[in-house]
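S.K.: Encoded as structure tokens, here's the structure I'll be asking about.
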Amino acid sequence: MAQDQIRRLVATFVEATKKHHEATMRGEWRQTNAQAKRIAQAFRKIVEIGESGRQALLAEVDNKDPAVAGTAATYSLKYDPIRSQAALRRVAREPGIIGSGARQSLKNWEEGKWYLEQEALVSDSAAKPIPQSLPRRQEAQAIDLATRSMLQSLPHRVAWCDIPEFERLNERVSAMDWLYGDIVDMGDGWVGWCPNNEPPAAAETLAWWWIARPDLGNEIAKEADEEFREIISDYMKDR
């Protein structure tokens, strides 16, 4: 009975991971969010089973689908760091979101900023610990007043037609998901901001500004932390 349950849970994890990636690439964010919840729910149940469940999930780091291998490795980092990091280094060579996600997972783990397992094991509504303020490199690097005023006037819901570089929206949202969790909602023709903190953390605010106004990335980067600045820089290199 336990083995059957493990097989079903791991199959759900794999299926949800594939659907999550497919929906991300299509920009279908309602489906993306739904599959992310399925992944987290399956993982929680796998962990509750214990060693046999963790071993079954760990085996998926060798899955031929790099999206599945990378996700299984990311969720298994605490359980088996050596094997999981080796898998993530392989996946990191993949192009696009899959490779960048693996690289970000490795970086977060190496810098002691990895909290995915802790986040997955608490309730769905719990928010990730996001800093309320971000360090600036120097005061002279603050966003200029005119740009800040423009950004602060952004509504919490923006129509697709009003978003610059809309064709790369899924790339920006995925990058911010890795850093700050699910802070964006998608509707039919619009993108909405749903911060995890009240009032919103500074990091969440900057993330929303960049998602909606990537054309102002250079200004936004002035007040972003190092990880966020690197993401903006890599994004702009691909223009």
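Chain labels A, B, ... are given in the sequence in which chains occur in the structure tokens; within each chain residues are numbered consecutively from 1, and ligands are likewise numbered from 1 in the order shown.
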Can you pull out the residues contacting A:Glu167? Cut-off 12 Å, using only C-alpha atoms, and skip same-chain residues under 2 positions away; I want them as a list in words.
M.R.: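 That gives Met25, Arg26, Gly27, Trp160, Cys161, Ile163, Pro164, Glu165, Leu169, Asn170, Glu171, Arg172, Val173, Ile211, Pro214 and Arg239 of chain A.
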S.K.: Next, write the just-selected residues to a file, as a CSV table (one decimal), in the first residue's frame, keeping C-alpha atoms as the atom set.
M.R.:
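For reference, again-v4.csv as written:
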```
chain,number,residue,atom,x,y,z
A,25,MET,CA,6.3,28.6,-21.7
A,26,ARG,CA,2.8,29.4,-23.0
A,27,GLY,CA,2.4,32.2,-20.5
A,160,TRP,CA,-1.3,43.0,-21.4
A,161,CYS,CA,-1.4,45.7,-24.1
A,163,ILE,CA,3.2,46.0,-20.7
A,164,PRO,CA,6.4,46.6,-22.6
A,165,GLU,CA,8.2,43.4,-23.9
A,169,LEU,CA,6.6,38.4,-19.6
A,170,ASN,CA,6.8,34.7,-18.7
A,171,GLU,CA,10.5,35.0,-18.4
A,172,ARG,CA,10.3,37.9,-16.0
A,173,VAL,CA,7.6,36.3,-13.8
A,211,ILE,CA,7.6,42.7,-14.4
A,214,PRO,CA,11.1,46.1,-18.0
A,239,ARG,CA,17.6,41.8,-26.0
```
S.K.: If you count only C-alpha atoms, which residues fall within 7 Å of stretch 86-102 of chain A, apart from same-chain ones fewer than 4 positions away, as a list in words?
M.R.: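 Once the adjacent positions are removed, what remains is Val61, Pro66, Ala67, Gly70, Ala73, Ile82, Leu106 and Glu171 of chain A.
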S.K.: Can you pull out every residue within 8 Å of A:His20, counting only C-alpha atoms, but drop anything in the same chain fewer than 6 positions away, and send it as a PyMOL selection string?
M.R.: chain A and resi 31-33+35-36
S.K.: Atoms to include: C-alpha atoms. Write the selected residues as a CSV table (one decimal), in the first residue's frame.
M.R.:
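Okay, part_20.csv is ready:
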```csv
chain,number,residue,atom,x,y,z
A,31,GLN,CA,-2.4,27.0,-15.0
A,32,THR,CA,1.2,27.6,-13.9
A,33,ASN,CA,0.1,28.6,-10.4
A,35,GLN,CA,0.5,23.2,-11.1
A,36,ALA,CA,2.9,24.8,-8.7
```
S.K.: Which residues are near A:Glu60? Cut-off 6 Å, only C-alpha atoms, ignore same chain within fewer than 2 positions. Put them as a list in words.
M.R.: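 Close residues of A:Glu60: Leu57, Leu58, Asp62, Asn63, Ala69 and Ala72 of chain A.
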S.K.: Extract, using only C-alpha atoms, all DNA, RNA and protein residues at most 7 Å from A:Cys194, discarding same-chain residues fewer than 2 positions from it, and format them as a list of chain:residue names.
M.R.: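 The neighbour list is A:Ile183, A:Val184, A:Asp185, A:Gly192, A:Asn196.
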S.K.: Need to verify the contact set: A:Arg213, 10 Å, only C-alpha atoms, exclusion of same-chain residues closer than 5 positions in sequence. Can you return it as a ChimeraX atom specification?
M.R.: /A:151,154,162-166,207-208,220
S.K.: Please, what distance in Å, to one decimal, runs between atom CA of A:Glu111 and atom CA of A:Ile49?
M.R.: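 So the answer is 29.3 Å.
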S.K.: Write out as a PDB file with N, CA and C atoms, in the first residue's frame each polymer residue whose atoms come within 8 Å of A:Arg157, counting only C-alpha atoms; drop sequence neighbours fewer than 4 positions from it.
M.R.:
```pdb
ATOM      1  N   TRP A 190      -4.916  40.625 -18.443  1.00  0.00           N
ATOM      2  CA  TRP A 190      -4.280  41.496 -17.457  1.00  0.00           C
ATOM      3  C   TRP A 190      -3.310  40.722 -16.571  1.00  0.00           C
ATOM      4  N   VAL A 191      -2.421  41.464 -15.936  1.00  0.00           N
ATOM      5  CA  VAL A 191      -1.483  40.945 -14.941  1.00  0.00           C
ATOM      6  C   VAL A 191      -1.710  41.713 -13.652  1.00  0.00           C
ATOM      7  N   GLY A 192      -1.792  41.022 -12.530  1.00  0.00           N
ATOM      8  CA  GLY A 192      -2.046  41.684 -11.252  1.00  0.00           C
ATOM      9  C   GLY A 192      -0.947  41.421 -10.244  1.00  0.00           C
ATOM     10  N   TRP A 193      -0.749  42.372  -9.372  1.00  0.00           N
ATOM     11  CA  TRP A 193       0.255  42.268  -8.307  1.00  0.00           C
ATOM     12  C   TRP A 193      -0.429  41.829  -7.033  1.00  0.00           C
TER      13      TRP A 193
END
```
S.K.: May I ask for the distance between atom CA of A:Arg103 and atom CA of A:Ser233, given in Å to one decimal place?
M.R.: 15.1 Å
S.K.: Can you check which residues of stretch 8-218 of chain A DSSP gives as helix (DSSP H, G or I) on the backbone and send them as a VMD selection string?
M.R.: chain A and resid 8 to 26 29 to 49 51 to 62 66 to 75 81 to 91 96 to 110 116 to 121 139 to 141 145 to 152 160 to 162 166 to 180 202 to 212 214 to 218
